[in-house]
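Each remark here refers to the structure printed beneath this line.
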Amino acid sequence: FGGRCALQYTHTLQVLNDTSPCPSPSPSPSPSPSPSLGSTSIIAPPKCTWLLDTVPGKAHESVSNVIRALTKVDLSSIRSKSDLVKVLTTEQNIDKSIANWMTTNLRKTSSGDGDQFEFMFDLDTAIDILDDFPKQNFMKMVEDCTSFSDTTGTCRMYLVMAGRNNAWTDDIVSNLQDIDQLGLVSLPKAGHWVHVDDLDGLMDAMDECFMDLHQ
């Protein structure tokens, strides 16, 4: 889910930077204006983007299951983060580690009836994005991002593939291997939630990338 958003964000900023006019040079140094997508002061695209187990096409089934499960939670009955874990695991059959992770998206709201909670994201928007996944021209956007270059340099993009995710077909992997400048990382022991299943392997891969960027 986050990988799709990161890809769209990177691609959009690259397009804006590629088509926006360059501001006139200032005769003397001055504070940089606040970045704005509606002016010539365009936010610079990221130099490095990581996509974690982001497979072209539909969203991973586990992601869909979690989003749909959250829509069925009655937040008025949730008085603590442990309550959310209990509801997700016992009523919605969500894995406990994922349920615990979802509690990081809860925040308290003001209420005269004691602690009340709400999600820090808009569930309706999340569902809209989820349903829009198949429409995203994933391969073309990855190709565009990895070939983009401007005065700040090129974009480095890495895609982490979970070894236990059967959605990675031979055809998809082959097509990705044909994209120049795309870094493919495989974590054989991980399922879709790579940061949960193999955090050490993920950090080792990222450390190598960050070291290269600072050389």
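We name chains A, B, ... following the order of the structure tokens; residues begin at 1 in each chain, and ligands are numbered from 1 as shown.
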task: Run DSSP on the backbone and grab whatever in stretch 84-125 of chain A lands in strand (DSSP E); send it over as a ChimeraX atom specification.
output: /A:106-109,116-119
message: I'd like the neighbourhood of A:Lys72 as a ChimeraX atom specification, where a residue qualifies if any of its atoms comes within 12 Å (using only C-alpha atoms), though same-chain residues fewer than 3 positions away should be ignored.
response: /A:65-69,75-77,84,87-88,91-92,123
N, CA, C and O atoms of the current selection, written as a PDB file, in the first residue's frame:
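What landed in selection_29.pdb:
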ATOM      1  N   ASN A  65      -7.503  -7.350   3.377  1.00  0.00           N
ATOM      2  CA  ASN A  65      -8.188  -7.914   4.539  1.00  0.00           C
ATOM      3  C   ASN A  65      -8.108  -6.988   5.751  1.00  0.00           C
ATOM      4  O   ASN A  65      -9.090  -6.813   6.489  1.00  0.00           O
ATOM      5  N   VAL A  66      -6.930  -6.384   5.961  1.00  0.00           N
ATOM      6  CA  VAL A  66      -6.764  -5.484   7.106  1.00  0.00           C
ATOM      7  C   VAL A  66      -7.619  -4.238   6.942  1.00  0.00           C
ATOM      8  O   VAL A  66      -8.324  -3.818   7.878  1.00  0.00           O
ATOM      9  N   ILE A  67      -7.600  -3.636   5.747  1.00  0.00           N
ATOM     10  CA  ILE A  67      -8.400  -2.423   5.511  1.00  0.00           C
ATOM     11  C   ILE A  67      -9.889  -2.716   5.694  1.00  0.00           C
ATOM     12  O   ILE A  67     -10.613  -1.966   6.353  1.00  0.00           O
ATOM     13  N   ARG A  68     -10.343  -3.824   5.116  1.00  0.00           N
ATOM     14  CA  ARG A  68     -11.765  -4.176   5.247  1.00  0.00           C
ATOM     15  C   ARG A  68     -12.120  -4.460   6.702  1.00  0.00           C
ATOM     16  O   ARG A  68     -13.212  -4.103   7.174  1.00  0.00           O
ATOM     17  N   ALA A  69     -11.194  -5.107   7.436  1.00  0.00           N
ATOM     18  CA  ALA A  69     -11.458  -5.418   8.844  1.00  0.00           C
ATOM     19  C   ALA A  69     -11.596  -4.143   9.667  1.00  0.00           C
ATOM     20  O   ALA A  69     -12.461  -4.053  10.554  1.00  0.00           O
ATOM     21  N   LEU A  75     -15.365   1.940  16.747  1.00  0.00           N
ATOM     22  CA  LEU A  75     -14.399   2.655  17.578  1.00  0.00           C
ATOM     23  C   LEU A  75     -15.009   3.184  18.871  1.00  0.00           C
ATOM     24  O   LEU A  75     -14.282   3.453  19.836  1.00  0.00           O
ATOM     25  N   SER A  76     -16.326   3.341  18.920  1.00  0.00           N
ATOM     26  CA  SER A  76     -16.957   3.825  20.158  1.00  0.00           C
ATOM     27  C   SER A  76     -16.815   2.812  21.292  1.00  0.00           C
ATOM     28  O   SER A  76     -16.950   3.165  22.469  1.00  0.00           O
ATOM     29  N   SER A  77     -16.542   1.559  20.934  1.00  0.00           N
ATOM     30  CA  SER A  77     -16.384   0.518  21.957  1.00  0.00           C
ATOM     31  C   SER A  77     -14.919   0.289  22.330  1.00  0.00           C
ATOM     32  O   SER A  77     -14.618  -0.522  23.212  1.00  0.00           O
ATOM     33  N   LEU A  84      -8.458  -2.847  20.688  1.00  0.00           N
ATOM     34  CA  LEU A  84      -8.401  -2.974  19.232  1.00  0.00           C
ATOM     35  C   LEU A  84      -7.739  -4.287  18.830  1.00  0.00           C
ATOM     36  O   LEU A  84      -8.212  -4.975  17.915  1.00  0.00           O
ATOM     37  N   VAL A  87     -10.269  -7.105  19.325  1.00  0.00           N
ATOM     38  CA  VAL A  87     -11.329  -7.111  18.306  1.00  0.00           C
ATOM     39  C   VAL A  87     -10.795  -7.627  16.968  1.00  0.00           C
ATOM     40  O   VAL A  87     -11.434  -8.454  16.310  1.00  0.00           O
ATOM     41  N   LEU A  88      -9.626  -7.143  16.573  1.00  0.00           N
ATOM     42  CA  LEU A  88      -9.076  -7.546  15.273  1.00  0.00           C
ATOM     43  C   LEU A  88      -8.699  -9.023  15.240  1.00  0.00           C
ATOM     44  O   LEU A  88      -8.896  -9.704  14.224  1.00  0.00           O
ATOM     45  N   GLU A  91     -12.363 -11.218  16.351  1.00  0.00           N
ATOM     46  CA  GLU A  91     -13.553 -11.031  15.522  1.00  0.00           C
ATOM     47  C   GLU A  91     -13.240 -10.949  14.026  1.00  0.00           C
ATOM     48  O   GLU A  91     -14.088 -11.289  13.199  1.00  0.00           O
ATOM     49  N   GLN A  92     -12.040 -10.506  13.688  1.00  0.00           N
ATOM     50  CA  GLN A  92     -11.700 -10.311  12.278  1.00  0.00           C
ATOM     51  C   GLN A  92     -10.573 -11.217  11.792  1.00  0.00           C
ATOM     52  O   GLN A  92     -10.163 -11.130  10.635  1.00  0.00           O
ATOM     53  N   LEU A 123     -10.228   6.159   6.434  1.00  0.00           N
ATOM     54  CA  LEU A 123     -10.483   4.818   5.908  1.00  0.00           C
ATOM     55  C   LEU A 123     -11.122   4.852   4.524  1.00  0.00           C
ATOM     56  O   LEU A 123     -10.806   4.030   3.659  1.00  0.00           O
TER      57      LEU A 123
END
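Of the listed residues A:Asn100, A:Asn17, A:Gln181, A:Ser62, the one whose atoms come nearest to A:Ile43 is A:Asn17, with distances taken using only C-alpha atoms.
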task: Report as a PyMOL selection string: the residues of chain A with a DSSP assignment of alpha helix (DSSP H), based on the backbone of this structure.
output: chain A and resi 2-19+61-71+81-90+96-102+123-132+138-147+170-177+194-197+199-213
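Near A:Gly163, within 7 Å and counting only C-alpha atoms, sit Ser186, Leu187, Pro188, Lys189, Ala190 and Gly191 of chain A, not including residues fewer than 3 positions from it in the same chain.
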Using C-alpha atoms, can you export the residues from the last selection as a PDB file, in the first residue's frame?
ATOM      1  CA  SER A 186      14.806 -10.539  -2.279  1.00  0.00           C
ATOM      2  CA  LEU A 187      14.061 -11.532   1.317  1.00  0.00           C
ATOM      3  CA  PRO A 188      13.405 -15.307   1.103  1.00  0.00           C
ATOM      4  CA  LYS A 189      12.188 -15.686   4.694  1.00  0.00           C
ATOM      5  CA  ALA A 190       9.692 -12.821   4.630  1.00  0.00           C
ATOM      6  CA  GLY A 191       5.990 -12.696   3.892  1.00  0.00           C
TER       7      GLY A 191
END
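For the pair atom CA of A:Met120 and atom CA of A:Trp50, the interatomic distance is 22.9 Å.
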field: A:Lys135 environment, 12 Å, only C-alpha atoms, sequence neighbours closer than 6 positions dropped, as JSON, numbers by chain
entry: {"A": [4, 56, 57, 58, 59, 128, 129, 141]}
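Omitting stretch 44-49 of chain A and its sequence neighbours fewer than 3 positions away, and counting only C-alpha atoms, the residues within 6 Å are Thr10, Leu13, Gln14, Cys155, Arg156 and Met157 of chain A.
In this structure, atom CA of A:Trp168 sits 25.7 Å away from atom CA of A:Phe148.
Each of A:Ser80, A:Asn93, A:Asn137, A:Thr12 was compared to A:Phe117 using only C-alpha atoms, and A:Ser80 turns out to be the nearest.
Between atom CA of A:Gln116 and atom CA of A:Trp193 the interatomic distance comes to 28.5 Å.
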message: Just want the 10 Å neighbourhood of A:Tyr158, counted on only C-alpha atoms, with same-chain residues fewer than 5 positions away dropped. Output as a VMD selection string.
response: chain A and resid 48 to 52 142 146 181 to 185 205 to 206 209
Residues from the last selection, all heavy atoms, saved as a compact mmCIF listing (two decimals), in the first residue's frame:
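Final output, saved to again-v4.txt:
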# COMPACT_ATOMS: atom_id res chain seq x y z
N CYS A 48 16.15 8.61 -3.42
CA CYS A 48 16.08 7.15 -3.22
C CYS A 48 14.68 6.78 -2.74
O CYS A 48 14.17 7.37 -1.79
CB CYS A 48 17.12 6.73 -2.20
SG CYS A 48 17.26 4.94 -1.98
N THR A 49 14.05 5.85 -3.42
CA THR A 49 12.70 5.40 -3.06
C THR A 49 12.70 3.89 -2.90
O THR A 49 13.21 3.16 -3.74
CB THR A 49 11.69 5.81 -4.16
OG1 THR A 49 11.71 7.23 -4.33
CG2 THR A 49 10.28 5.36 -3.79
N TRP A 50 12.09 3.43 -1.80
CA TRP A 50 12.00 2.00 -1.52
C TRP A 50 10.54 1.55 -1.61
O TRP A 50 9.65 2.16 -1.01
CB TRP A 50 12.54 1.69 -0.12
CG TRP A 50 14.03 1.69 -0.07
CD1 TRP A 50 14.85 2.78 0.01
CD2 TRP A 50 14.89 0.55 -0.10
NE1 TRP A 50 16.15 2.39 0.04
CE2 TRP A 50 16.23 1.03 -0.03
CE3 TRP A 50 14.67 -0.82 -0.17
CZ2 TRP A 50 17.32 0.17 -0.03
CZ3 TRP A 50 15.75 -1.67 -0.17
CH2 TRP A 50 17.07 -1.18 -0.11
N LEU A 51 10.31 0.49 -2.35
CA LEU A 51 8.98 -0.12 -2.47
C LEU A 51 9.04 -1.48 -1.79
O LEU A 51 9.76 -2.37 -2.24
CB LEU A 51 8.59 -0.27 -3.94
CG LEU A 51 8.78 0.96 -4.84
CD1 LEU A 51 8.36 0.64 -6.28
CD2 LEU A 51 8.00 2.14 -4.31
N LEU A 52 8.29 -1.64 -0.71
CA LEU A 52 8.37 -2.88 0.07
C LEU A 52 7.29 -3.86 -0.35
O LEU A 52 6.11 -3.66 -0.10
CB LEU A 52 8.24 -2.57 1.57
CG LEU A 52 9.25 -1.56 2.13
CD1 LEU A 52 9.10 -1.45 3.65
CD2 LEU A 52 10.68 -1.94 1.75
N VAL A 142 7.65 2.83 -12.92
CA VAL A 142 8.96 2.43 -12.41
C VAL A 142 10.03 2.75 -13.45
O VAL A 142 11.11 3.26 -13.12
CB VAL A 142 8.98 0.93 -12.05
CG1 VAL A 142 10.40 0.48 -11.74
CG2 VAL A 142 8.07 0.65 -10.86
N THR A 146 13.14 5.44 -12.71
CA THR A 146 14.54 5.00 -12.71
C THR A 146 15.35 5.65 -13.82
O THR A 146 16.58 5.62 -13.79
CB THR A 146 14.63 3.48 -12.83
OG1 THR A 146 13.90 3.03 -13.99
CG2 THR A 146 14.06 2.80 -11.60
N GLN A 181 18.57 0.21 -13.86
CA GLN A 181 18.71 1.06 -12.67
C GLN A 181 17.73 0.72 -11.54
O GLN A 181 17.70 1.42 -10.52
CB GLN A 181 18.56 2.54 -13.03
CG GLN A 181 19.47 3.02 -14.13
CD GLN A 181 20.94 2.75 -13.84
OE1 GLN A 181 21.40 2.96 -12.73
NE2 GLN A 181 21.69 2.27 -14.83
N LEU A 182 16.92 -0.32 -11.71
CA LEU A 182 16.03 -0.74 -10.62
C LEU A 182 16.75 -1.77 -9.77
O LEU A 182 17.20 -2.80 -10.26
CB LEU A 182 14.73 -1.34 -11.17
CG LEU A 182 13.78 -1.94 -10.11
CD1 LEU A 182 13.28 -0.87 -9.15
CD2 LEU A 182 12.60 -2.64 -10.78
N GLY A 183 16.85 -1.48 -8.48
CA GLY A 183 17.49 -2.43 -7.58
C GLY A 183 16.48 -3.40 -7.00
O GLY A 183 15.52 -2.98 -6.36
N LEU A 184 16.66 -4.68 -7.26
CA LEU A 184 15.76 -5.71 -6.75
C LEU A 184 16.39 -6.40 -5.55
O LEU A 184 17.53 -6.85 -5.61
CB LEU A 184 15.45 -6.74 -7.84
CG LEU A 184 14.59 -6.26 -9.02
CD1 LEU A 184 14.44 -7.38 -10.05
CD2 LEU A 184 13.21 -5.83 -8.52
N VAL A 185 15.65 -6.47 -4.46
CA VAL A 185 16.12 -7.11 -3.24
C VAL A 185 15.15 -8.22 -2.87
O VAL A 185 13.94 -7.99 -2.80
CB VAL A 185 16.20 -6.10 -2.07
CG1 VAL A 185 16.63 -6.79 -0.79
CG2 VAL A 185 17.15 -4.96 -2.41
N ALA A 205 19.85 -4.39 3.76
CA ALA A 205 19.74 -3.93 2.38
C ALA A 205 19.70 -2.41 2.31
O ALA A 205 20.33 -1.79 1.46
CB ALA A 205 18.50 -4.54 1.72
N MET A 206 18.95 -1.80 3.22
CA MET A 206 18.84 -0.34 3.22
C MET A 206 20.15 0.33 3.64
O MET A 206 20.52 1.37 3.08
CB MET A 206 17.71 0.10 4.16
CG MET A 206 16.32 -0.16 3.62
SD MET A 206 15.03 0.53 4.69
CE MET A 206 13.65 0.59 3.55
N CYS A 209 22.39 0.72 0.72
CA CYS A 209 21.93 1.80 -0.16
C CYS A 209 22.32 3.16 0.40
O CYS A 209 22.86 4.02 -0.32
CB CYS A 209 20.42 1.72 -0.35
SG CYS A 209 19.67 3.22 -1.04
